[in-house]
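This is start_35.txt. It holds compact mmCIF, C-alpha atoms.
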# COMPACT_ATOMS: atom_id res chain seq x y z
CA MET A 521 -36.41 76.06 264.54
CA LYS A 522 -38.94 78.51 263.15
CA HIS A 523 -42.54 77.46 262.57
CA SER A 524 -42.19 77.87 258.80
CA ASP A 525 -39.15 75.57 258.77
CA LEU A 526 -40.91 72.96 260.89
CA LYS A 527 -43.99 73.12 258.65
CA ALA A 528 -41.89 72.74 255.49
CA LYS A 529 -40.07 69.77 256.99
CA ALA A 530 -43.33 68.10 258.06
CA LEU A 531 -44.98 68.70 254.68
CA SER A 532 -42.06 67.04 252.90
CA ASN A 533 -43.51 63.76 254.19
CA PRO A 534 -46.13 62.65 251.60
CA GLU A 535 -48.48 61.21 254.25
CA VAL A 536 -48.38 64.40 256.33
CA LYS A 537 -48.88 66.51 253.19
CA ALA A 538 -51.93 64.45 252.16
CA ALA A 539 -53.50 64.80 255.62
CA TYR A 540 -52.73 68.53 255.66
CA ASP A 541 -54.23 69.07 252.20
CA GLU A 542 -57.33 67.13 253.21
CA MET A 543 -57.91 69.60 256.04
CA ALA A 544 -57.53 72.70 253.82
CA PRO A 545 -61.25 73.56 253.85
CA GLU A 546 -61.36 73.44 257.67
CA PHE A 547 -58.26 75.62 257.93
CA ALA A 548 -59.75 78.13 255.47
CA LEU A 549 -63.02 78.29 257.41
CA LEU A 550 -61.16 78.73 260.69
CA ARG A 551 -59.13 81.64 259.26
CA GLN A 552 -62.37 83.27 258.06
CA MET A 553 -64.05 82.80 261.44
CA LEU A 554 -61.12 84.20 263.41
CA LYS A 555 -60.79 87.14 261.03
CA ALA A 556 -64.52 87.90 261.29
CA ARG A 557 -64.41 87.75 265.11
CA GLN A 558 -61.34 89.98 265.20
CA LYS A 559 -62.88 92.45 262.73
CA ALA A 560 -66.00 92.60 264.91
CA GLY A 561 -63.77 93.33 267.92
CA LEU A 562 -65.23 90.43 269.87
CA SER A 563 -63.68 88.01 272.33
CA GLN A 564 -64.66 84.35 272.49
CA ALA A 565 -66.70 85.24 275.59
CA ASP A 566 -68.56 87.93 273.64
CA VAL A 567 -69.35 85.49 270.84
CA ALA A 568 -70.48 82.87 273.34
CA GLU A 569 -72.88 85.31 274.97
CA ARG A 570 -74.34 86.25 271.59
CA MET A 571 -74.70 82.57 270.67
CA GLY A 572 -76.36 81.74 273.98
CA THR A 573 -73.60 79.40 275.07
CA LYS A 574 -70.53 79.38 277.31
CA PRO A 575 -67.04 80.58 276.31
CA PRO A 576 -65.47 77.08 276.39
CA ALA A 577 -67.93 76.02 273.68
CA VAL A 578 -66.62 78.76 271.38
CA THR A 579 -63.04 77.79 272.22
CA ARG A 580 -63.85 74.16 271.31
CA LEU A 581 -65.58 75.27 268.11
CA GLU A 582 -62.63 77.33 266.94
CA SER A 583 -60.06 74.73 267.94
CA SER A 584 -62.04 71.85 266.43
CA LEU A 585 -61.58 73.29 262.97
CA GLY A 586 -57.84 73.38 263.46
CA ASN A 587 -57.43 69.86 264.75
CA GLY A 588 -60.02 67.96 262.72
CA LYS A 589 -61.43 66.17 265.76
CA HIS A 590 -64.96 67.51 265.46
CA SER A 591 -67.20 68.72 262.66
CA PRO A 592 -69.53 71.43 263.91
CA SER A 593 -73.08 71.46 262.62
CA LEU A 594 -74.27 74.00 260.09
CA ALA A 595 -76.61 75.38 262.76
CA THR A 596 -73.66 76.03 265.08
CA LEU A 597 -71.65 77.68 262.31
CA GLN A 598 -74.66 79.81 261.44
CA LYS A 599 -75.03 80.95 265.06
CA TYR A 600 -71.34 81.82 265.15
CA ALA A 601 -71.61 83.77 261.88
CA HIS A 602 -74.58 85.77 263.15
CA ALA A 603 -72.84 86.40 266.48
CA VAL A 604 -69.92 88.09 264.68
CA GLY A 605 -72.18 89.99 262.27
CA TYR A 606 -71.88 87.75 259.23
CA GLU A 607 -74.03 85.36 257.23
CA LEU A 608 -73.02 81.76 256.62
CA GLN A 609 -73.07 80.66 252.99
CA VAL A 610 -72.52 77.05 251.95
CA LYS A 611 -72.04 76.06 248.34
CA LEU A 612 -70.82 73.16 246.27
CA VAL A 613 -68.03 73.76 243.78
CA ARG A 614 -66.28 71.48 241.33
CA PRO A 615 -62.69 70.67 242.29

Just dump the structure as structure tokens.
Amino acid sequence: MKHSDLKAKALSNPEVKAAYDEMAPEFALLRQMLKARQKAGLSQADVAERMGTKPPAVTRLESSLGNGKHSPSLATLQKYAHAVGYELQVKLVRP
């Protein structure tokens, strides 16, 4: 079974769909972070060095946004953004 088929099947369950939709902001941020790191041509180890941390911490940071088990602090996200050559912006918007 292809990933797209599995995803469609899972999202046909209303409870799964609600949980998935609730995580949309985290998924969007993760895509932006990975794209920024890739665009900068950096590995997780490179980002870790620039952040003053160890590579497993960057791995945990990136994976935490995809699994919803941890909410990184704004300070950590800001360090990551600077490490990949970006600026973190946070704003409130009406749904």

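Distance check against Lys559 in chain A using only C-alpha atoms: of A:Ala544, A:Leu594, A:Val604, A:Ala577, the minimum falls on A:Val604.
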
Query - Length of the CA of Gly588 in chain A to CA of Ala568 in chain A vector [Å] - result: 21.1 Å

Requested in this report: Show which residues sit within 8 Å of range 596-600 of chain A, as a PyMOL selection string. Count all atoms listed in the file, and ignore same-chain residues fewer than 4 positions away.
Outcome: chain A and resi 567+571+592+604+607-608

Query - Length of the CA of Gln552 in chain A to CA of Pro576 in chain A vector [Å] - result: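 These two atoms are separated by 19.6 Å.
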
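From CA of Ser584 in chain A back to CA of Lys529 in chain A, the distance works out to 24.0 Å.
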
N, CA and C atoms modelled onto range 541-554 of chain A, as a CSV table (one decimal), in the frame of the given file:
chain,number,residue,atom,x,y,z
A,541,ASP,N,-53.4,68.6,253.3
A,541,ASP,CA,-54.2,69.1,252.2
A,541,ASP,C,-55.7,68.7,252.4
A,542,GLU,N,-56.0,67.6,253.0
A,542,GLU,CA,-57.3,67.1,253.2
A,542,GLU,C,-58.1,68.1,254.2
A,543,MET,N,-57.3,68.7,255.1
A,543,MET,CA,-57.9,69.6,256.0
A,543,MET,C,-58.0,71.1,255.6
A,544,ALA,N,-57.6,71.3,254.3
A,544,ALA,CA,-57.5,72.7,253.8
A,544,ALA,C,-58.9,73.4,254.0
A,545,PRO,N,-60.0,72.8,253.7
A,545,PRO,CA,-61.2,73.6,253.8
A,545,PRO,C,-61.5,74.0,255.3
A,546,GLU,N,-61.2,73.1,256.3
A,546,GLU,CA,-61.4,73.4,257.7
A,546,GLU,C,-60.4,74.6,258.1
A,547,PHE,N,-59.2,74.5,257.6
A,547,PHE,CA,-58.3,75.6,257.9
A,547,PHE,C,-58.7,76.9,257.3
A,548,ALA,N,-59.3,76.9,256.1
A,548,ALA,CA,-59.8,78.1,255.5
A,548,ALA,C,-60.9,78.7,256.2
A,549,LEU,N,-61.9,77.8,256.6
A,549,LEU,CA,-63.0,78.3,257.4
A,549,LEU,C,-62.6,78.9,258.7
A,550,LEU,N,-61.7,78.2,259.4
A,550,LEU,CA,-61.2,78.7,260.7
A,550,LEU,C,-60.6,80.1,260.5
A,551,ARG,N,-59.7,80.3,259.5
A,551,ARG,CA,-59.1,81.6,259.3
A,551,ARG,C,-60.2,82.7,259.1
A,552,GLN,N,-61.3,82.3,258.3
A,552,GLN,CA,-62.4,83.3,258.1
A,552,GLN,C,-63.1,83.6,259.4
A,553,MET,N,-63.3,82.6,260.2
A,553,MET,CA,-64.0,82.8,261.4
A,553,MET,C,-63.2,83.7,262.4
A,554,LEU,N,-62.0,83.4,262.5
A,554,LEU,CA,-61.1,84.2,263.4
A,554,LEU,C,-61.0,85.6,262.9
